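Asks: Before anything else, here's the structure in question.
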Amino acid sequence: MGRYSFPRLVREALRGNRGWEAVWRDARPQPRYDVVIVGGGGHGLATAYYLARKHGITRVAVIERGWLGGGNSGRNTQVNRSNYFYPASSALYDHSLRLFEGLGRELNFNVMLSQRGLVVLAHSEHELELARRWANSILMNGIDARFLSAADIKRRVPLINLHSRHPILGGFVQERGGISRHDAVVWGYARGASALGVDLIQNCAVTGFRQSGGRVTGVETTQGAIEAGSVVLSVAGHSSVLAGMAGLRLPITTMTLQAMVTEPIKPVLDSVVISAAVHAYVSQSDRGEIVLGGGADVYNSYAQRGNLPVLRATIQATLELFPSFSRLRLLRQWAGAVDVTPDTSPIMGLTPVQGLYINCGWGTGGYKAIPGGGDTMAATVAAGRPHPLIVPFALERFRTGSLVDEGAAAGVAH
Ligand SMILES: Cc1cc2nc3c(=O)[nH]c(=O)nc-3n(C[C@H](O)[C@H](O)[C@H](O)COP(=O)(O)OP(=O)(O)OC[C@H]3O[C@@H](n4cnc5c(N)ncnc54)[C@H](O)[C@@H]3O)c2cc1C
């Protein structure tokens with residue numbers, strides 16, 4: 001695989017761009033792999049990449065029922081942050097952010113990470129107290145956070161309205177937070193994994209599992225049966241459906257989460273702004289679109305389209321913060337099926353079925369965790385025991401009760 005570089009860009013431009021190779025090989029399924037990963041989203045692809053790159057396990061297939069990145073990894077609002085409350089979450093998400101910080105170079109693919117700062121707003125004395133507690137815990141976890149007064153916020157985000165029905169009293173910022181380009185993350189991992197020998201198989205749905213003596217031995221797919229030494233489930237909103245096929249019941253609720261963008265405008269917003277009280281988060285993409293996200297639709301669904309009431313509520317909330325955006329036209333709206341757990345933390349690691357691993361429950365916030373999730377899952381599969389960073393996120397915690405309840409600390413408390 002040729003390296004991407006500025007000299008190559010110039011050379012190809014002069015040759016009419018005829019020398020570019022395909023970004024990845026479209027593979028046909030082989031009868032047997034050491035590891036089969038179900039789900040070609042960011043987490044599945046990153047797991048495959050790190051299995052090959054760090055552990056030398058290259059007889060790996062990623063099986064995707066649609067196209068790579070067609071699930072939530074290509075539908076999110078691209079927010080990166082590691083401003084979590086509990087030490088276990090901080091450690092995992094900051095590991096991921098640190099990998100993100102070197103990802104462009106690692107993958108030789110520009111993931112367009114822009115650490116423009118992520119501002120969390122507080123709209124009441126009570127919220128201000130919670131924000132202080134949250135920011136202090138982030139600092140104690142060794143991660144950057146800085147408290148902001150209302151005047152600081154106005155200086156940083158001049159278009160913001162401090163005096164709406166929900167006046168802004170202050171907040172805090174994680175300067176290392178920001179956004180990146182979700183498609184580039186998916187394509188970069190796909191390209192890297194494919195170059196290392198991983199088979200990427202699209203338009204192939206897993207329809208069942210082969211098991212023998214309590215151990216998974218392969219998968220049934222729409223393109224035939226495949227034997228596997230280990231199987232990793234990374235199917236986000238479809239986790240409970242797939243796990244059900246293997247005889248496992250997961251504490252996961254699948255809901256629709258939607259997002260939208262306005263028509264592109266010149267740069268007006270150079271921070272990511274989050275308000276849990278009005279329930280919206282807003283950023284401006286590199287193309288100039290204002291990107292809006294809000295709450296999940298409040299019923300179970302596998303539909304990848306959102307409802308009108310939540311769309312309206314998100315727009316309403318955004319206009320509380322930025323009244324001038326009322327002049328913008330909405331360009332696109334879309335949604336994904338997110339996998340929400342009772343404590344809004346992921347489920348990662350081994351399962352009661354031997355050889356079957358799980359990486360799911362990322363819900364509304366797993367994009368930022370793609371490098372960290374992939375890295376720790378690859379180490380887990382290679383060693384056959386959980387990577388230390390994911391021990392607190394085992395499925396077992398729903399039996400023991402030792403939950404990592406990030407619900408209250410999440411940027412937008414879905
Ligand atoms: C609107 C929206 C906004 C979001 N915003 C953010 C954000 O700003 N920041 C953040 O960190 N997170 C965000 N998220 C969450 C984030 O996108 C997800 O947590 C993350 O992308 C999950 O990645 P994944 O690889 O686990 O799943 P996915 O990318 O969904 O990949 C799972 C794949 O499994 C495939 N699959 C399903 N069933 C089968 C089968 N039977 N056989 C084979 N393949 C199958 C699917 O087709 C899919 O491609 C957002 C999500 C949405 C929907």
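Letters A, B, ... mark the chains of the structure tokens in the order given; residue numbers begin at 1 per chain; ligand numbers begin at 1, in order shown.
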Run DSSP on the backbone and grab whatever in region 129-240 of chain A lands in helix (DSSP H, G or I); send it over as a ChimeraX atom specification.
Replies: /A:129-140,150-156,182-195,236-240
Asks: Would you kindly return, as a list in words, each protein, DNA or RNA residue with an atom no farther than 10 Å from any atom of Arg98 (chain A), considering only C-alpha atoms and excluding same-chain residues fewer than 5 positions away?
Replies: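 Listed by chain and then number, they are Ser82, Tyr93, Leu103, Arg176, Pro371 and Gly372 of chain A.
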Asks: Step by step, measure atom-to-atom distances between ligand 1 and each residue using only C-alpha atoms and all ligand atoms, keep those at most 7 Å, then write them as a VMD selection string.
Replies: chain A and resid 38 to 44 63 to 80 204 to 207 234 to 238 242 256 to 259 293 334 to 338 359 to 360 362 to 370
Asks: Give me, as a list in words, all polymer residues having an atom no more than 9 Å from Gly117 (chain A), counting only C-alpha atoms and skipping those fewer than 3 positions away in the same chain.
Replies: Arg81, Ser114, Val173, Gln174, Glu175, Arg176, Gly177, Gly178, Ile179, Asp270, Ser271, Val272 and Val273 of chain A
Asks: Go ahead and save the picked residues with N, CA and C atoms, as a short mmCIF file (atom, residue, chain, number, x, y, z; two decimals), in the first residue's frame.
Replies:
```
data_model
loop_
_atom_site.label_atom_id
_atom_site.label_comp_id
_atom_site.auth_asym_id
_atom_site.auth_seq_id
_atom_site.Cartn_x
_atom_site.Cartn_y
_atom_site.Cartn_z
N ARG A 81 -13.81 13.76 23.58
CA ARG A 81 -13.58 14.31 24.93
C ARG A 81 -13.20 13.16 25.85
N SER A 114 -9.53 18.10 15.66
CA SER A 114 -9.45 19.52 15.96
C SER A 114 -9.76 19.71 17.44
N VAL A 173 -14.34 23.96 30.70
CA VAL A 173 -13.88 23.55 29.37
C VAL A 173 -12.83 22.45 29.50
N GLN A 174 -12.88 21.48 28.60
CA GLN A 174 -11.74 20.57 28.41
C GLN A 174 -11.11 21.00 27.08
N GLU A 175 -9.93 21.62 27.17
CA GLU A 175 -9.30 22.17 25.96
C GLU A 175 -8.91 21.07 24.99
N ARG A 176 -8.61 19.88 25.49
CA ARG A 176 -8.22 18.79 24.59
C ARG A 176 -9.42 18.14 23.91
N GLY A 177 -10.63 18.52 24.32
CA GLY A 177 -11.83 18.02 23.64
C GLY A 177 -11.99 18.71 22.29
N GLY A 178 -12.89 18.19 21.48
CA GLY A 178 -13.10 18.81 20.17
C GLY A 178 -13.86 17.89 19.25
N ILE A 179 -13.50 17.95 17.98
CA ILE A 179 -14.15 17.07 17.00
C ILE A 179 -13.08 16.48 16.07
N ASP A 270 -15.93 28.25 17.32
CA ASP A 270 -14.71 27.45 17.34
C ASP A 270 -14.53 26.68 18.65
N SER A 271 -15.64 26.38 19.33
CA SER A 271 -15.63 25.45 20.47
C SER A 271 -16.80 24.50 20.25
N VAL A 272 -16.77 23.37 20.93
CA VAL A 272 -17.97 22.53 21.01
C VAL A 272 -18.70 22.98 22.26
N VAL A 273 -20.02 23.22 22.17
CA VAL A 273 -20.78 23.72 23.32
C VAL A 273 -21.85 22.70 23.68
#
```
Asks: Env of Thr58 (chain A): 12 Å cut, atoms = only C-alpha atoms, seq-sep filter 3 positions within chain, self excluded. Answer as a short mmCIF file (atom, residue, chain, number, x, y, z; two decimals) with N, CA and C atoms, in the first residue's frame.
Replies:
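Written out: part-v9.cif:
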```cif
data_model
loop_
_atom_site.label_atom_id
_atom_site.label_comp_id
_atom_site.auth_asym_id
_atom_site.auth_seq_id
_atom_site.Cartn_x
_atom_site.Cartn_y
_atom_site.Cartn_z
N TYR A 33 -11.07 -18.46 10.10
CA TYR A 33 -10.21 -17.37 10.58
C TYR A 33 -9.87 -17.62 12.04
N ASP A 34 -8.77 -17.02 12.50
CA ASP A 34 -8.47 -17.07 13.94
C ASP A 34 -9.48 -16.23 14.71
N VAL A 35 -9.79 -15.06 14.16
CA VAL A 35 -10.76 -14.17 14.83
C VAL A 35 -11.75 -13.63 13.80
N VAL A 36 -13.03 -13.75 14.09
CA VAL A 36 -14.07 -13.11 13.27
C VAL A 36 -14.67 -11.97 14.10
N THR A 47 -10.43 -2.83 16.36
CA THR A 47 -10.01 -4.09 17.01
C THR A 47 -9.20 -4.93 16.02
N ALA A 48 -9.69 -5.01 14.79
CA ALA A 48 -8.99 -5.80 13.76
C ALA A 48 -7.59 -5.21 13.51
N TYR A 49 -7.54 -3.89 13.40
CA TYR A 49 -6.26 -3.22 13.12
C TYR A 49 -5.24 -3.52 14.22
N TYR A 50 -5.65 -3.33 15.49
CA TYR A 50 -4.69 -3.52 16.59
C TYR A 50 -4.34 -5.01 16.78
N LEU A 51 -5.30 -5.92 16.48
CA LEU A 51 -4.96 -7.36 16.55
C LEU A 51 -3.81 -7.65 15.60
N ALA A 52 -3.89 -7.07 14.40
CA ALA A 52 -2.84 -7.35 13.40
C ALA A 52 -1.57 -6.58 13.72
N ARG A 53 -1.71 -5.31 14.07
CA ARG A 53 -0.51 -4.47 14.23
C ARG A 53 0.24 -4.73 15.53
N LYS A 54 -0.51 -4.91 16.63
CA LYS A 54 0.18 -5.04 17.91
C LYS A 54 0.37 -6.47 18.35
N HIS A 55 -0.46 -7.39 17.83
CA HIS A 55 -0.40 -8.76 18.35
C HIS A 55 -0.07 -9.79 17.26
N ALA A 61 -11.18 -11.63 10.12
CA ALA A 61 -12.19 -11.09 9.18
C ALA A 61 -13.11 -10.14 9.93
N VAL A 62 -13.45 -9.04 9.29
CA VAL A 62 -14.50 -8.16 9.81
C VAL A 62 -15.71 -8.37 8.90
N GLY A 192 -5.73 0.55 7.20
CA GLY A 192 -4.61 -0.01 7.96
C GLY A 192 -4.78 -1.50 8.18
N ALA A 193 -6.01 -1.92 8.54
CA ALA A 193 -6.24 -3.35 8.81
C ALA A 193 -6.08 -4.16 7.53
N SER A 194 -6.66 -3.66 6.45
CA SER A 194 -6.59 -4.38 5.18
C SER A 194 -5.13 -4.55 4.73
N ALA A 195 -4.35 -3.50 4.90
CA ALA A 195 -2.94 -3.56 4.49
C ALA A 195 -2.17 -4.60 5.31
N LEU A 196 -2.64 -4.86 6.54
CA LEU A 196 -1.96 -5.85 7.39
C LEU A 196 -2.49 -7.26 7.17
N GLY A 197 -3.43 -7.42 6.23
CA GLY A 197 -3.90 -8.77 5.87
C GLY A 197 -5.30 -9.11 6.36
N VAL A 198 -5.97 -8.18 7.06
CA VAL A 198 -7.33 -8.46 7.55
C VAL A 198 -8.31 -8.47 6.37
N ASP A 199 -9.24 -9.43 6.36
CA ASP A 199 -10.28 -9.47 5.32
C ASP A 199 -11.47 -8.62 5.76
N LEU A 200 -11.86 -7.66 4.94
CA LEU A 200 -13.02 -6.83 5.23
C LEU A 200 -14.14 -7.28 4.29
N ALA A 378 -8.52 -5.68 21.36
CA ALA A 378 -7.52 -6.51 20.67
C ALA A 378 -6.62 -7.19 21.70
N ALA A 382 -6.33 -11.20 22.26
CA ALA A 382 -5.01 -11.82 22.08
C ALA A 382 -4.60 -12.59 23.34
#
```
Asks: Could you state the separation of CA of Phe109 (chain A) and CA of Arg8 (chain A) in Å, given to one decimal place?
Replies: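 So the two atoms, CA of Phe109 (chain A) and CA of Arg8 (chain A), lie 13.4 Å apart.
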Asks: Using only C-alpha atoms, can you tell me which of A:Leu92, A:Pro31, A:Leu250, A:Glu21 comes closest to Thr221 (chain A)?
Replies: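 Closest to Thr221 (chain A) of all the choices is A:Pro31.
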Asks: Hey, what's within 12 Å of Gln211 (chain A) if we count only C-alpha atoms and toss same-chain stuff fewer than 3 positions away? As a ChimeraX atom specification, please?
Replies: /A:208,214-220,227-231,245-247,353-356
Asks: Mind dumping the selected residues with N, CA and C atoms as a compact mmCIF listing (two decimals), in the first residue's frame?
Replies:
```txt
# COMPACT_ATOMS: atom_id res chain seq x y z
N GLY A 208 -26.26 -16.28 12.74
CA GLY A 208 -26.26 -17.24 13.85
C GLY A 208 -24.84 -17.61 14.23
N GLY A 214 -20.16 -25.44 24.85
CA GLY A 214 -20.12 -24.12 25.53
C GLY A 214 -19.13 -23.16 24.91
N ARG A 215 -18.61 -23.50 23.73
CA ARG A 215 -17.62 -22.65 23.08
C ARG A 215 -18.12 -22.27 21.69
N VAL A 216 -17.87 -21.02 21.30
CA VAL A 216 -18.25 -20.61 19.96
C VAL A 216 -17.20 -21.13 18.98
N THR A 217 -17.66 -21.70 17.86
CA THR A 217 -16.70 -22.27 16.90
C THR A 217 -16.81 -21.60 15.53
N GLY A 218 -17.79 -20.70 15.38
CA GLY A 218 -17.91 -20.03 14.09
C GLY A 218 -19.20 -19.25 13.99
N VAL A 219 -19.41 -18.69 12.81
CA VAL A 219 -20.64 -17.90 12.59
C VAL A 219 -21.32 -18.40 11.31
N GLU A 220 -22.66 -18.25 11.31
CA GLU A 220 -23.44 -18.47 10.08
C GLU A 220 -23.64 -17.09 9.46
N GLU A 227 -15.74 -20.74 10.07
CA GLU A 227 -15.21 -21.22 11.36
C GLU A 227 -14.33 -20.13 11.97
N ALA A 228 -14.33 -20.07 13.30
CA ALA A 228 -13.52 -19.02 13.95
C ALA A 228 -12.99 -19.53 15.28
N GLY A 229 -11.74 -19.15 15.59
CA GLY A 229 -11.17 -19.46 16.89
C GLY A 229 -11.85 -18.62 17.97
N SER A 230 -12.06 -17.35 17.67
CA SER A 230 -12.76 -16.43 18.58
C SER A 230 -13.68 -15.54 17.74
N VAL A 231 -14.74 -15.05 18.38
CA VAL A 231 -15.68 -14.14 17.71
C VAL A 231 -15.85 -12.92 18.60
N MET A 245 -28.81 -14.56 19.74
CA MET A 245 -28.57 -15.72 18.86
C MET A 245 -27.55 -16.68 19.49
N ALA A 246 -26.68 -16.12 20.35
CA ALA A 246 -25.68 -16.97 21.01
C ALA A 246 -26.17 -17.42 22.39
N GLY A 247 -27.43 -17.09 22.72
CA GLY A 247 -28.00 -17.52 23.99
C GLY A 247 -27.73 -16.60 25.16
N VAL A 353 -20.09 -17.38 27.10
CA VAL A 353 -19.80 -18.33 26.02
C VAL A 353 -18.31 -18.24 25.70
N GLN A 354 -17.61 -19.33 25.87
CA GLN A 354 -16.14 -19.31 25.64
C GLN A 354 -15.82 -18.90 24.21
N GLY A 355 -14.84 -18.05 24.06
CA GLY A 355 -14.41 -17.64 22.73
C GLY A 355 -15.25 -16.52 22.15
N LEU A 356 -16.33 -16.14 22.84
CA LEU A 356 -17.17 -15.04 22.35
C LEU A 356 -16.90 -13.79 23.20
```
Asks: I'd like to know which residues of region 67-138 of chain A are strand (DSSP E or B) (by DSSP, run on the backbone); could you write them as a list in words?
Replies: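 Listing strand (DSSP E or B) positions across region 67-138 of chain A yields Val79, Asn80, Ser114, Leu118, Val119, Val120, Leu121 and Ala122 of chain A.
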Asks: Residues near Ile390 (chain A), anyone? I mean within 10 Å using only C-alpha atoms, not counting same-chain ones fewer than 5 positions away, as a list in words.
Replies: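 Contacts, with the query itself left out: Ala88, Ser89, Ala91, Leu92, Pro346, Ile347, Met348, Gly349, Gly372, Gly373, Thr376, Met377 and Thr380 of chain A.
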Asks: Excluding Ser164 (chain A) and residues on its chain fewer than 2 positions from it, collect all residues at most 12 Å away from it, counting only C-alpha atoms, and give them as a ChimeraX atom specification.
Replies: /A:123,160-162,166-169,278,316-323
Asks: Expressed in Å to a single decimal, how great is the separation between CA of Val404 (chain A) and CA of Pro392 (chain A)?
Replies: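 Taking CA of Val404 (chain A) as the start and CA of Pro392 (chain A) as the end point, the length is 7.5 Å.
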